Structure formats: C-alpha cells, structure tokens
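Scroll down for the structure; my scribbles are underneath it.
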Amino acid sequence: MTTSSSSSSSSSPPGLARFNALEKDAATAALHEACASAEWGRRLLAGRPYGTVDDLFAASDAAMAELTAEDLAEAMAGHPPIGRPKPGDPTSAREQRGMAGASEQLKAEMLELNLAYQEKFGHVFLICATGRTGEQMRDAVRERIGNSPEQEREIVRTELGKINRIRLARLVEED
C-alpha cells in the first residue's frame, strides 16, 4: 500500500474502506462493473488495500498501461456504441447523457460514423463521453477515424483510463 500527498482525492472516503474490505468475489464483480478487462480487475484486486483514492487511481493507470491488445479488446467489449447506451444500464446512460437530447440527424450521423469506425478498427468507438456534447463526440469520431490502428489503440487506452477513474471514483464514493 502506498500513500500520497494530501489533495482532495487523497483522503479516504468510507467507500474506499468498504471496497478494500469486500470479499474477493464481490470486489471482482465491482471492478468488472468499472472495466470489463479481467486482467485490469486482477491487477487492482491484487493491490488492495488502497490507502487513498489516489493510490487506487495510480494502480488503475498502471494496470491500464500494461494491458495487451486482447485485454483492451475485452475492456472495449463492455462499452456500448456512443448514442446507444445499454438498455436498463444507468451507468452508460449517465455517461452518454450528451447524446440524450441530440437531434435525430445527429443520432443518425453518429450511427453512421460508429459503423464506419467499427468497420475500420474492429471495435466500438470509445471515448470518455462524460461531460461531452453529442457534437463533441461526433467531431471526435470524425477526427479519429483517420488514425492508424496503432494510434487509435493508444487513444482508446487513454480514454478507457479516464472512464475507469470516473467509475472507480463513483465506486468508492458510494456508501
């Protein structure tokens, strides 16, 4: 267990102590909700207990940096396409809120761009959608579709890391 300098996220919320104390199966399930990569989850599980949220974030970032292409594919498989959150999944609906009020034209354009992106790269377009408008997400997929697979894999790794941090923060802030 490591410690961090004091900052707002370095305190230990009650949810972090609860997460640290979870039985292995419950902790594994909680981590799987944050990220579908089993390897990422194993690495975070092995690092418990975490002294601060910053420690948990650092472990998440380190695990994300070490994921193989197969691990990244597994993580991406847990994410629905932008504009089509999983029915009944409050997490994907909340994260994609920027598309909720989008025009039918924008939704249709996103569907077309998502399909073109998926055809080129073999996986869904992944972006940390929290706080982004539908137009910002559309512009991002337009820009990124011109990337090489190698460039895109590293962008996806970064975006997954951002998503994981947001989801981990919710996990340890909840009582």
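The chains in the structure tokens are called A, B, ... from first to last as shown; in each chain the residues are counted from 1, and the ligands are counted from 1 in the order shown.
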
Compile the contact shell of segment 153-162 of chain A as a PDB file with N, CA and C atoms, in the first residue's frame: residues with an atom at most 6 Å away, counting only C-alpha atoms, same-chain residues fewer than 2 positions apart removed.
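The new file part_23.pdb reads:
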ATOM      1  N   ILE A 127     -14.805   6.657 -26.224  1.00  0.00           N
ATOM      2  CA  ILE A 127     -14.394   7.978 -25.766  1.00  0.00           C
ATOM      3  C   ILE A 127     -14.968   8.181 -24.377  1.00  0.00           C
ATOM      4  N   CYS A 128     -14.268   8.911 -23.558  1.00  0.00           N
ATOM      5  CA  CYS A 128     -14.808   9.280 -22.252  1.00  0.00           C
ATOM      6  C   CYS A 128     -15.885  10.322 -22.540  1.00  0.00           C
ATOM      7  N   GLU A 150      -2.662   1.612 -34.657  1.00  0.00           N
ATOM      8  CA  GLU A 150      -1.751   1.760 -33.516  1.00  0.00           C
ATOM      9  C   GLU A 150      -2.040   3.042 -32.746  1.00  0.00           C
ATOM     10  N   GLN A 151      -2.234   4.139 -33.472  1.00  0.00           N
ATOM     11  CA  GLN A 151      -2.577   5.413 -32.822  1.00  0.00           C
ATOM     12  C   GLN A 151      -3.895   5.270 -32.061  1.00  0.00           C
ATOM     13  N   ASN A 164     -12.343   4.632 -16.454  1.00  0.00           N
ATOM     14  CA  ASN A 164     -12.117   3.823 -15.251  1.00  0.00           C
ATOM     15  C   ASN A 164     -11.976   4.698 -14.017  1.00  0.00           C
ATOM     16  N   ARG A 165     -11.271   5.805 -14.125  1.00  0.00           N
ATOM     17  CA  ARG A 165     -11.125   6.716 -12.982  1.00  0.00           C
ATOM     18  C   ARG A 165     -12.484   7.248 -12.531  1.00  0.00           C
TER      19      ARG A 165
END

Counting only C-alpha atoms, which residues of segment 89-157 of chain A fall within 10 Å of segment 72-81 of chain A, and what is the closest atom pair for each with its distance in Å at one decimal, ordered by chain and rising number, as a tab-separated table?
residue	atom	partner	partner_atom	distance
A:Ser92	CA	A:Pro80	CA	7.5
A:Ala93	CA	A:Pro80	CA	10.0
A:Gln96	CA	A:Pro81	CA	9.6
A:Met110	CA	A:Pro81	CA	9.2
A:Leu111	CA	A:Pro81	CA	8.3
A:Asn114	CA	A:Pro81	CA	6.9
A:Leu115	CA	A:Pro81	CA	9.1
A:Gln118	CA	A:Pro81	CA	9.4
A:Gly122	CA	A:Ala73	CA	9.2
A:His123	CA	A:Met76	CA	7.2
A:Val124	CA	A:Pro81	CA	5.7
A:Phe125	CA	A:Pro81	CA	6.5
A:Leu126	CA	A:Met76	CA	7.3
A:Ile127	CA	A:Pro81	CA	9.8
A:Arg153	CA	A:Leu72	CA	8.2
A:Glu154	CA	A:Leu72	CA	9.9
A:Val156	CA	A:Leu72	CA	8.2
A:Arg157	CA	A:Leu72	CA	7.2

Write out the residues from the selection above, keeping C-alpha atoms, as a CSV table (one decimal), in the first residue's frame.
chain,number,residue,atom,x,y,z
A,92,SER,CA,-23.9,4.0,-19.8
A,93,ALA,CA,-27.0,6.3,-19.9
A,96,GLN,CA,-23.7,9.3,-22.7
A,110,MET,CA,-23.3,9.1,-35.1
A,111,LEU,CA,-24.7,5.7,-36.0
A,114,ASN,CA,-19.9,4.4,-35.4
A,115,LEU,CA,-20.4,1.8,-38.0
A,118,GLN,CA,-16.1,-0.2,-36.2
A,122,GLY,CA,-12.9,-3.8,-35.4
A,123,HIS,CA,-14.3,-2.3,-32.2
A,124,VAL,CA,-16.7,0.4,-31.0
A,125,PHE,CA,-15.6,4.0,-31.0
A,126,LEU,CA,-14.6,4.6,-27.4
A,127,ILE,CA,-14.4,8.0,-25.8
A,153,ARG,CA,-5.3,1.7,-29.7
A,154,GLU,CA,-3.3,4.2,-27.6
A,156,VAL,CA,-8.5,4.1,-26.6
A,157,ARG,CA,-6.2,3.1,-23.8

Please identify all polymer residues within 10 Å of Gly15 of chain A, counting only C-alpha atoms, omitting same-chain residues fewer than 2 positions from it, and present them as a JSON list (two decimals) with C-alpha atoms, in the first residue's frame.
[["chain", "number", "residue", "atom", "x", "y", "z"],
["A", 12, "SER", "CA", -10.01, 8.01, 2.30],
["A", 13, "PRO", "CA", -13.79, 8.08, 1.75],
["A", 17, "ALA", "CA", -12.61, 1.22, 3.17],
["A", 18, "ARG", "CA", -15.70, -0.75, 2.11],
["A", 19, "PHE", "CA", -14.07, -1.63, -1.24],
["A", 20, "ASN", "CA", -10.86, -2.68, 0.50],
["A", 21, "ALA", "CA", -12.87, -4.96, 2.82],
["A", 53, "VAL", "CA", -8.23, 7.20, -3.84],
["A", 169, "ALA", "CA", -14.46, 7.39, -8.02],
["A", 170, "ARG", "CA", -18.19, 6.58, -8.04],
["A", 171, "LEU", "CA", -17.48, 3.13, -6.59],
["A", 172, "VAL", "CA", -15.51, 4.43, -3.62],
["A", 173, "GLU", "CA", -17.70, 7.48, -3.01],
["A", 174, "GLU", "CA", -20.89, 5.43, -2.75],
["A", 175, "ASP", "CA", -21.86, 4.10, 0.65]]

A:Leu168, A:Glu135, A:Asp89, A:Tyr117: which is nearest Gly41 of chain A, counting only C-alpha atoms? A:Leu168

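Here atom CA of Cys35 of chain A is placed at a distance of 13.4 Å from atom CA of Ala59 of chain A.
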
Atom CA of Thr91 of chain A sits from atom CA of Met64 of chain A at a separation of 20.2 Å

Secondary structure check, helix (DSSP H, G or I) residues of chain A, as a ChimeraX atom specification: /A:14-21,24-34,38-46,53-66,69-77,90-95,97-100,104-121,134-144,149-173

Can you pull out the residues contacting Gln105 of chain A? Cut-off 12 Å, using only C-alpha atoms, and skip same-chain residues under 6 positions away; I want them as number ranges by chain. A: 83, 99, 111-112, 134-135, 138

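Atom pair atom CA of Thr28 of chain A / atom CA of Asp71 of chain A: separated by 15.8 Å.
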